[in-house]
Structures are given as structure tokens and as C-alpha cells.
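Listing of input16.tsv, TSV, C-alpha atoms and all ligand atoms
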chain	number	residue	atom	x	y	z
K	5	MET	CA	0.00	0.00	0.00
K	6	ILE	CA	2.66	2.50	1.03
K	7	GLU	CA	4.63	2.01	-2.20
K	8	ARG	CA	1.60	2.73	-4.38
K	9	LEU	CA	0.73	5.80	-2.31
K	10	GLN	CA	4.29	7.08	-2.56
K	11	LYS	CA	4.19	6.64	-6.33
K	12	THR	CA	0.88	8.49	-6.35
K	13	ALA	CA	2.36	11.38	-4.36
K	14	GLU	CA	5.27	11.50	-6.84
K	15	PHE	CA	2.79	11.56	-9.72
K	16	VAL	CA	1.02	14.60	-8.25
K	17	LYS	CA	4.31	16.40	-7.60
K	18	ALA	CA	5.46	15.64	-11.16
K	19	ARG	CA	2.28	17.22	-12.53
K	20	ARG	CA	3.09	20.41	-10.63
K	21	ALA	CA	6.76	20.28	-11.75
K	22	THR	CA	5.73	19.91	-15.40
K	23	THR	CA	3.53	23.00	-15.17
K	24	GLU	CA	6.22	25.01	-13.38
K	25	ALA	CA	8.85	23.94	-15.93
K	26	THR	CA	6.95	25.99	-18.53
K	27	GLY	CA	7.69	29.11	-16.45
K	28	TYR	CA	4.16	29.28	-15.08
K	29	VAL	CA	4.14	30.56	-11.50
K	30	ASN	CA	1.15	30.02	-9.21
K	31	PRO	CA	1.50	30.97	-5.53
K	32	ASP	CA	-1.50	28.72	-4.80
K	33	PHE	CA	0.51	25.56	-5.67
K	34	ASP	CA	2.30	25.52	-2.34
K	35	TYR	CA	-0.92	25.80	-0.37
K	36	ARG	CA	-2.57	23.24	-2.65
K	37	TRP	CA	0.06	20.58	-1.99
K	38	LYS	CA	-0.01	21.12	1.76
K	39	HIS	CA	-3.84	21.04	1.69
K	40	THR	CA	-3.60	17.76	-0.24
K	41	LEU	CA	-1.31	16.22	2.40
K	42	ARG	CA	-3.70	17.20	5.19
K	43	VAL	CA	-6.71	15.87	3.29
K	44	VAL	CA	-4.85	12.54	2.98
K	45	GLN	CA	-4.41	12.40	6.76
K	46	TYR	CA	-8.05	13.29	7.39
K	47	GLY	CA	-9.06	10.70	4.79
K	48	LYS	CA	-6.99	8.06	6.59
K	49	GLN	CA	-8.54	8.91	9.97
K	50	LEU	CA	-12.06	8.81	8.56
K	51	ALA	CA	-11.46	5.57	6.65
K	52	GLU	CA	-10.17	3.86	9.79
K	53	ALA	CA	-13.05	5.15	11.90
K	54	GLU	CA	-15.71	4.25	9.32
K	55	GLY	CA	-14.28	0.87	8.26
K	56	ALA	CA	-13.66	2.00	4.68
K	57	ASP	CA	-10.91	0.98	2.24
K	58	VAL	CA	-8.02	3.04	3.66
K	59	GLU	CA	-5.82	2.86	0.56
K	60	VAL	CA	-8.66	3.84	-1.79
K	61	CYS	CA	-9.41	6.86	0.41
K	62	MET	CA	-5.78	7.94	0.74
K	63	SER	CA	-5.13	7.49	-2.97
K	64	ALA	CA	-8.21	9.51	-3.95
K	65	CYS	CA	-7.32	12.22	-1.42
K	66	LEU	CA	-3.81	12.50	-2.90
K	67	LEU	CA	-5.24	12.88	-6.39
K	68	HIS	CA	-8.43	14.84	-5.68
K	69	ASP	CA	-7.04	18.26	-6.66
K	70	ILE	CA	-4.32	17.19	-9.13
K	71	SER	CA	-5.88	19.27	-11.92
K	72	LYS	CA	-5.27	22.35	-9.76
K	73	PHE	CA	-1.58	21.91	-10.60
K	74	ASP	CA	-2.28	22.71	-14.26
K	75	ALA	CA	-1.98	26.22	-15.67
K	76	GLU	CA	-5.60	25.95	-16.80
K	77	GLU	CA	-8.48	26.67	-14.37
K	78	TYR	CA	-11.29	24.10	-14.45
K	79	GLY	CA	-13.58	25.55	-11.76
K	80	VAL	CA	-16.32	23.11	-10.68
K	81	GLU	CA	-15.02	20.64	-13.27
K	82	HIS	CA	-11.72	20.22	-11.44
K	83	GLY	CA	-12.80	17.01	-9.70
K	84	ARG	CA	-13.83	15.30	-12.93
K	85	VAL	CA	-10.70	16.56	-14.72
K	86	SER	CA	-8.57	15.24	-11.83
K	87	ALA	CA	-10.24	11.81	-12.14
K	88	ARG	CA	-9.47	11.73	-15.87
K	89	ILE	CA	-5.82	12.63	-15.22
K	90	ALA	CA	-5.61	9.99	-12.46
K	91	ARG	CA	-7.15	7.01	-14.28
K	92	PRO	CA	-4.34	6.10	-16.75
K	93	PHE	CA	-1.78	6.53	-13.96
K	94	LEU	CA	-3.77	4.35	-11.53
K	95	GLU	CA	-4.04	1.65	-14.20
K	96	THR	CA	-0.24	1.27	-14.02
K	97	LEU	CA	-0.40	0.49	-10.28
K	98	GLY	CA	-2.31	-2.78	-10.59
K	99	TYR	CA	-5.52	-1.92	-8.70
K	100	ASP	CA	-8.44	-4.18	-9.52
K	101	GLU	CA	-11.18	-2.52	-11.53
K	102	LYS	CA	-13.54	-2.06	-8.60
K	103	ARG	CA	-11.01	-0.18	-6.49
K	104	LEU	CA	-9.74	1.81	-9.46
K	105	ASN	CA	-13.26	2.96	-10.34
K	106	ASN	CA	-13.95	3.75	-6.69
K	107	ILE	CA	-10.82	5.96	-6.51
K	108	CYS	CA	-11.74	7.76	-9.76
K	109	TYR	CA	-15.36	8.19	-8.69
K	110	SER	CA	-14.32	9.58	-5.29
K	111	ILE	CA	-12.06	12.13	-7.00
K	112	ALA	CA	-14.65	13.05	-9.65
K	113	VAL	CA	-17.50	13.85	-7.24
K	114	HIS	CA	-15.61	15.70	-4.50
K	115	VAL	CA	-16.66	19.17	-5.72
K	116	ASP	CA	-20.34	18.88	-6.56
K	117	ASP	CA	-21.36	15.20	-6.15
K	118	LYS	CA	-21.47	14.74	-9.94
K	119	SER	CA	-19.56	12.14	-11.90
K	120	ASP	CA	-19.14	11.86	-15.66
K	121	PHE	CA	-19.36	8.06	-15.48
K	122	GLU	CA	-21.89	5.67	-13.98
K	123	HIS	CA	-20.98	4.60	-10.45
K	124	PRO	CA	-22.88	4.10	-7.20
K	125	VAL	CA	-22.14	6.42	-4.26
K	126	THR	CA	-19.53	4.78	-2.01
K	127	LEU	CA	-18.42	5.23	1.58
K	128	GLU	CA	-14.96	6.11	0.22
K	129	SER	CA	-16.37	8.89	-1.98
K	130	LYS	CA	-18.17	10.38	1.04
K	131	ILE	CA	-14.94	10.21	3.02
K	132	VAL	CA	-12.89	12.05	0.37
K	133	SER	CA	-15.45	14.89	0.25
K	134	ASP	CA	-15.62	15.01	4.05
K	135	ALA	CA	-11.82	15.06	4.39
K	136	ASP	CA	-11.60	17.90	1.86
K	137	ASN	CA	-14.26	19.91	3.68
K	138	ILE	CA	-12.61	19.42	7.07
K	139	ASP	CA	-9.40	21.00	5.82
K	140	ARG	CA	-11.29	23.72	3.96
K	141	PHE	CA	-12.75	24.84	7.29
K	142	GLY	CA	-9.47	24.85	9.22
K	143	ALA	CA	-8.07	27.76	11.23
K	144	TYR	CA	-5.69	28.60	8.38
K	145	ARG	CA	-8.50	29.18	5.94
K	146	LEU	CA	-10.30	31.40	8.44
K	147	LEU	CA	-7.20	33.61	8.74
K	148	ILE	CA	-6.78	33.77	4.96
K	149	GLN	CA	-10.46	34.60	4.39
K	150	PHE	CA	-10.29	37.54	6.75
K	151	SER	CA	-6.75	38.75	6.11
K	152	GLU	CA	-7.64	41.00	3.20
K	153	THR	CA	-10.98	42.29	4.39
K	154	GLY	CA	-9.87	45.88	4.86
K	155	ASN	CA	-10.96	48.04	7.76
K	156	TYR	CA	-12.29	46.96	11.14
K	157	GLU	CA	-15.97	47.70	10.41
K	158	LYS	CA	-15.86	45.64	7.23
K	159	LEU	CA	-14.21	42.78	9.08
K	160	VAL	CA	-16.90	42.75	11.79
K	161	GLU	CA	-19.63	42.92	9.17
K	162	LYS	CA	-18.09	40.04	7.23
K	163	ALA	CA	-17.73	38.03	10.45
K	164	ALA	CA	-21.43	38.51	11.28
K	165	THR	CA	-22.45	37.33	7.80
K	166	ARG	CA	-20.07	34.40	7.87
K	167	LEU	CA	-21.41	33.31	11.27
K	168	LEU	CA	-24.87	32.78	9.75
K	169	THR	CA	-23.41	30.36	7.19
K	170	LEU	CA	-21.22	28.55	9.72
K	171	LYS	CA	-24.14	28.07	12.11
K	172	LYS	CA	-26.23	26.66	9.28
K	173	TYR	CA	-23.46	24.14	8.60
K	174	ARG	CA	-23.19	23.45	12.34
K	175	ALA	CA	-26.85	22.36	12.37
K	176	GLY	CA	-25.62	19.31	10.43
K	177	GLY	CA	-26.68	17.35	7.42
K	178	ILE	CA	-23.92	18.30	5.03
K	179	MET	CA	-21.29	15.68	5.82
K	180	GLY	CA	-21.37	12.12	4.52
K	181	THR	CA	-19.97	10.26	7.53
K	182	ALA	CA	-20.32	10.38	11.32
K	183	LYS	CA	-16.59	10.78	11.93
K	184	GLY	CA	-16.46	13.43	9.21
K	185	GLU	CA	-19.25	15.33	10.95
K	186	GLU	CA	-17.38	15.12	14.26
K	187	LEU	CA	-14.13	16.53	12.82
K	188	PHE	CA	-15.96	19.11	10.72
K	189	ASN	CA	-17.90	20.34	13.76
K	190	ARG	CA	-14.62	20.68	15.64
K	191	GLN	CA	-13.41	23.03	12.87
K	192	LEU	CA	-16.69	24.94	12.82
K	193	ASP	CA	-16.67	25.40	16.59
K	194	VAL	CA	-13.25	27.08	16.42
K	195	GLN	CA	-14.34	29.40	13.62
K	196	ILE	CA	-17.67	30.24	15.28
K	197	HIS	CA	-15.94	30.90	18.61
K	198	VAL	CA	-13.39	33.29	17.10
K	199	LEU	CA	-15.89	35.16	14.93
K	200	GLU	CA	-18.45	35.44	17.74
K	201	ARG	CA	-15.77	36.93	19.98
K	202	LEU	CA	-14.85	39.39	17.22
K	203	VAL	CA	-18.46	40.55	16.93
K	204	GLU	CA	-18.92	40.70	20.73
K	205	ASP	CA	-15.70	42.68	21.17
K	206	SER	CA	-16.84	45.14	18.50
K	207	GLN	CA	-19.91	45.91	20.60
K	208	LEU	CA	-17.61	47.27	23.31
K	209	THR	CA	-16.28	49.91	20.95
K	210	ILE	CA	-18.36	52.61	22.67
K	211	GLU	CA	-17.41	56.28	22.58
K	212	ILE	CA	-17.33	57.79	26.07
A	301	FE	FE	-11.09	20.30	-4.93
A	302	FE	FE	-9.29	20.02	-2.02
With the file now loaded, output its structure as C-alpha cells.
Ligand SMILES: [Fe+2]
Ligand SMILES: [Fe+2]
Amino acid sequence: MIERLQKTAEFVKARRATTEATGYVNPDFDYRWKHTLRVVQYGKQLAEAEGADVEVCMSACLLHDISKFDAEEYGVEHGRVSARIARPFLETLGYDEKRLNNICYSIAVHVDDKSDFEHPVTLESKIVSDADNIDRFGAYRLLIQFSETGNYEKLVEKAATRLLTLKKYRAGGIMGTAKGEELFNRQLDVQIHVLERLVEDSQLTIEI
């Protein structure tokens, strides 16, 4: 398992290197690779907790955003494009067809639950989406989202708006697995706590 996953990591890094060799510079690439590594770890944790195929989850997590290392932007298609990039590579690793299709399906649907090939929803596909969402709601992303907001009033206003969305997510129903929900809620609680404090503190800004 570890050898195939290492080869997969090398494949993703090579995709990035090929793009950069053309002289294309994208400051997002560094973040993207680190995000990918964290999603792999979340995917592993979820797979173990949920009794899923750990290697399928880790492989799909490694490859889920590979198309983001291209110079081209694919938007909501980036999951399906990533799956198409991954398939011929995965075929060289000797996975049986069922696992190979499960990896490709899990990659394809991670953005918007839509695949461009027929496949039933799998526990592994839910795990890859959950793992991605857990990292997307980490403390780092909160700091980035609010780092370029401008003045204090705008920041507080943005925090109040964002809190409505976060609390909606906190009510549940958007994650695919129980362990995913647990880890996602842990992320949400941190964000909600910080933003609530920001809004509360702003209410003390009273002219004497
Ligand atoms: Fe993605
Ligand atoms: Fe991602």
C-alpha cells in the first residue's frame, strides 16, 4: 500500500513540476500541496473510523485536486478533470477494476457530487469529500479569508455574515460520515468561537 501511495504522491508532484517547468508561476501551488497532504491524513482517519478501504481513500485524497496543478483553471469541473488525469496513472499500479473505479469516482465527485461516469455512491467517496471539507474549514482558511478584508468595520460585518453560514453548517446534514461530521464540527466550533468573539468585542467599541 505504502509504495503505491508514494508513487501516487510523486505523480502529483510531477504534474506540478511539469507546469512550473513551462515558467508558469502560481502561488497557490504551495498551499494546494499542503492542503492535499492534510486531506490525505483526514481521509486516513475517517477511513479507519468508518471501516472503509483506507488505501482507496488515501489514494483519492492524494489525487483529488491534481488538476489544480495545471496552468488551466477548471472551476467546478476540477474534480472530474482530476479523475481523468488519475485514471491512466492508476491503471499502471495494478488496482483491480472495482477499487480503481472507486478511486476515480471519489475524485470526480468531491466538488459537486457529480460524476461523468456511472458509479454508485460509495463510503470512500463520502470520506474524500468530508476530508476535503474538514481542511477547507481549518483555522488557516479562516485567517486567509479575513486577512484582506480591509478596515475593522468591514471585518466585523463580514464576520457577522459568515457566522450565519457557519451556524447553518453546524446544524448538520452536510457531511457524509459520522466521523467526518465530528471533525468538521470541531473546525466549525473554532471558527464560530473566534468570529463570535470578534463581533462581541466590536460591541464594546463605545465612545465615552
Ligand atoms: Fe477540490
Ligand atoms: Fe481540495
Which residue gives the smallest distance to Cys61 in chain K among K:Ile107, K:Phe93, K:Arg36, K:Leu199, with all atoms listed in the file counted?
K:Ile107
Would you mind listing, for every residue of range 31-150 of chain K within 12 Å of range 165-171 of chain K, the two atoms forming the shortest contact and the distance between them in Å to one decimal, using only C-alpha atoms, sorted by chain and ascending residue number, as a tab-separated table?
residue	atom	partner	partner_atom	distance
K:Phe141	CA	K:Leu170	CA	9.6
K:Leu146	CA	K:Arg166	CA	10.2
K:Gln149	CA	K:Arg166	CA	10.2
K:Phe150	CA	K:Arg166	CA	10.3
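Nearest to Gly47 in chain K of all the residues K:Glu24, K:Asp134, K:Asp116, K:Glu152 is K:Asp134, based on all atoms listed in the file.
Rounded to one decimal, CA of Lys118 in chain K and atom FE of ligand FE 302 (chain A) lie 15.5 Å from each other.
Contacts with ligand FE 302 (chain A) are defined as any residue atom within 9 Å of a ligand atom, using all atoms listed in the file; the residues meeting this criterion are Arg36, His39, Thr40, Val43, Cys65, His68, Asp69, Gly83, His114, Val115, Ser133, Ala135, Asp136, Asn137, Asp139 and Arg140 of chain K.
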Can you report as lines of an AutoDock Vina configuration file the centre and edge lengths in Å, to one decimal, of an axis-aligned box around the listed atoms of range 158-167 of chain K padded with 3 Å on each side?
center_x = -18.3
center_y = 39.5
center_z = 9.5
size_x = 14.2
size_y = 18.3
size_z = 10.6
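Residue nearest Gln49 in chain K within the list K:Thr181, K:Asn189, K:Gln207, K:Asn106: K:Thr181 [criterion: smallest interatomic distance, only C-alpha atoms].
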Just want the 12 Å neighbourhood of range 126-131 of chain K, counted on all atoms listed in the file, with same-chain residues fewer than 6 positions away dropped. Output as a VMD selection string.
chain K and resid 43 to 65 68 83 102 to 119 137 to 138 178 to 185 187 to 188
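The nearest approach to ligand FE 301 (chain A) among the residues K:Ala87, K:Ile212, K:Leu192, K:Leu147, with only C-alpha atoms and all ligand atoms taken into account, belongs to K:Ala87.
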In Å, how far is it from CA of Arg91 in chain K to CA of Asp74 in chain K?
16.4 Å
Compare K:Arg88, K:Arg19, K:Lys158, K:Lys72 by their minimum atom-to-atom distance to ligand FE 301 (chain A), counting only C-alpha atoms and all ligand atoms, and give me the closest one.
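Among the listed residues, the smallest separation from ligand FE 301 (chain A) belongs to K:Lys72.
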Expressed in Å to a single decimal, how great is the separation between CA of Ala143 in chain K and CA of His197 in chain K?
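That distance, rounded to one decimal, is 11.2 Å.
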Given all atoms listed in the file as the counted atoms, nearest of K:Gln195, K:Thr23, K:Ser151, K:Ser86 to ligand FE 301 (chain A)
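Result for the nearest residue to ligand FE 301 (chain A): K:Ser86.
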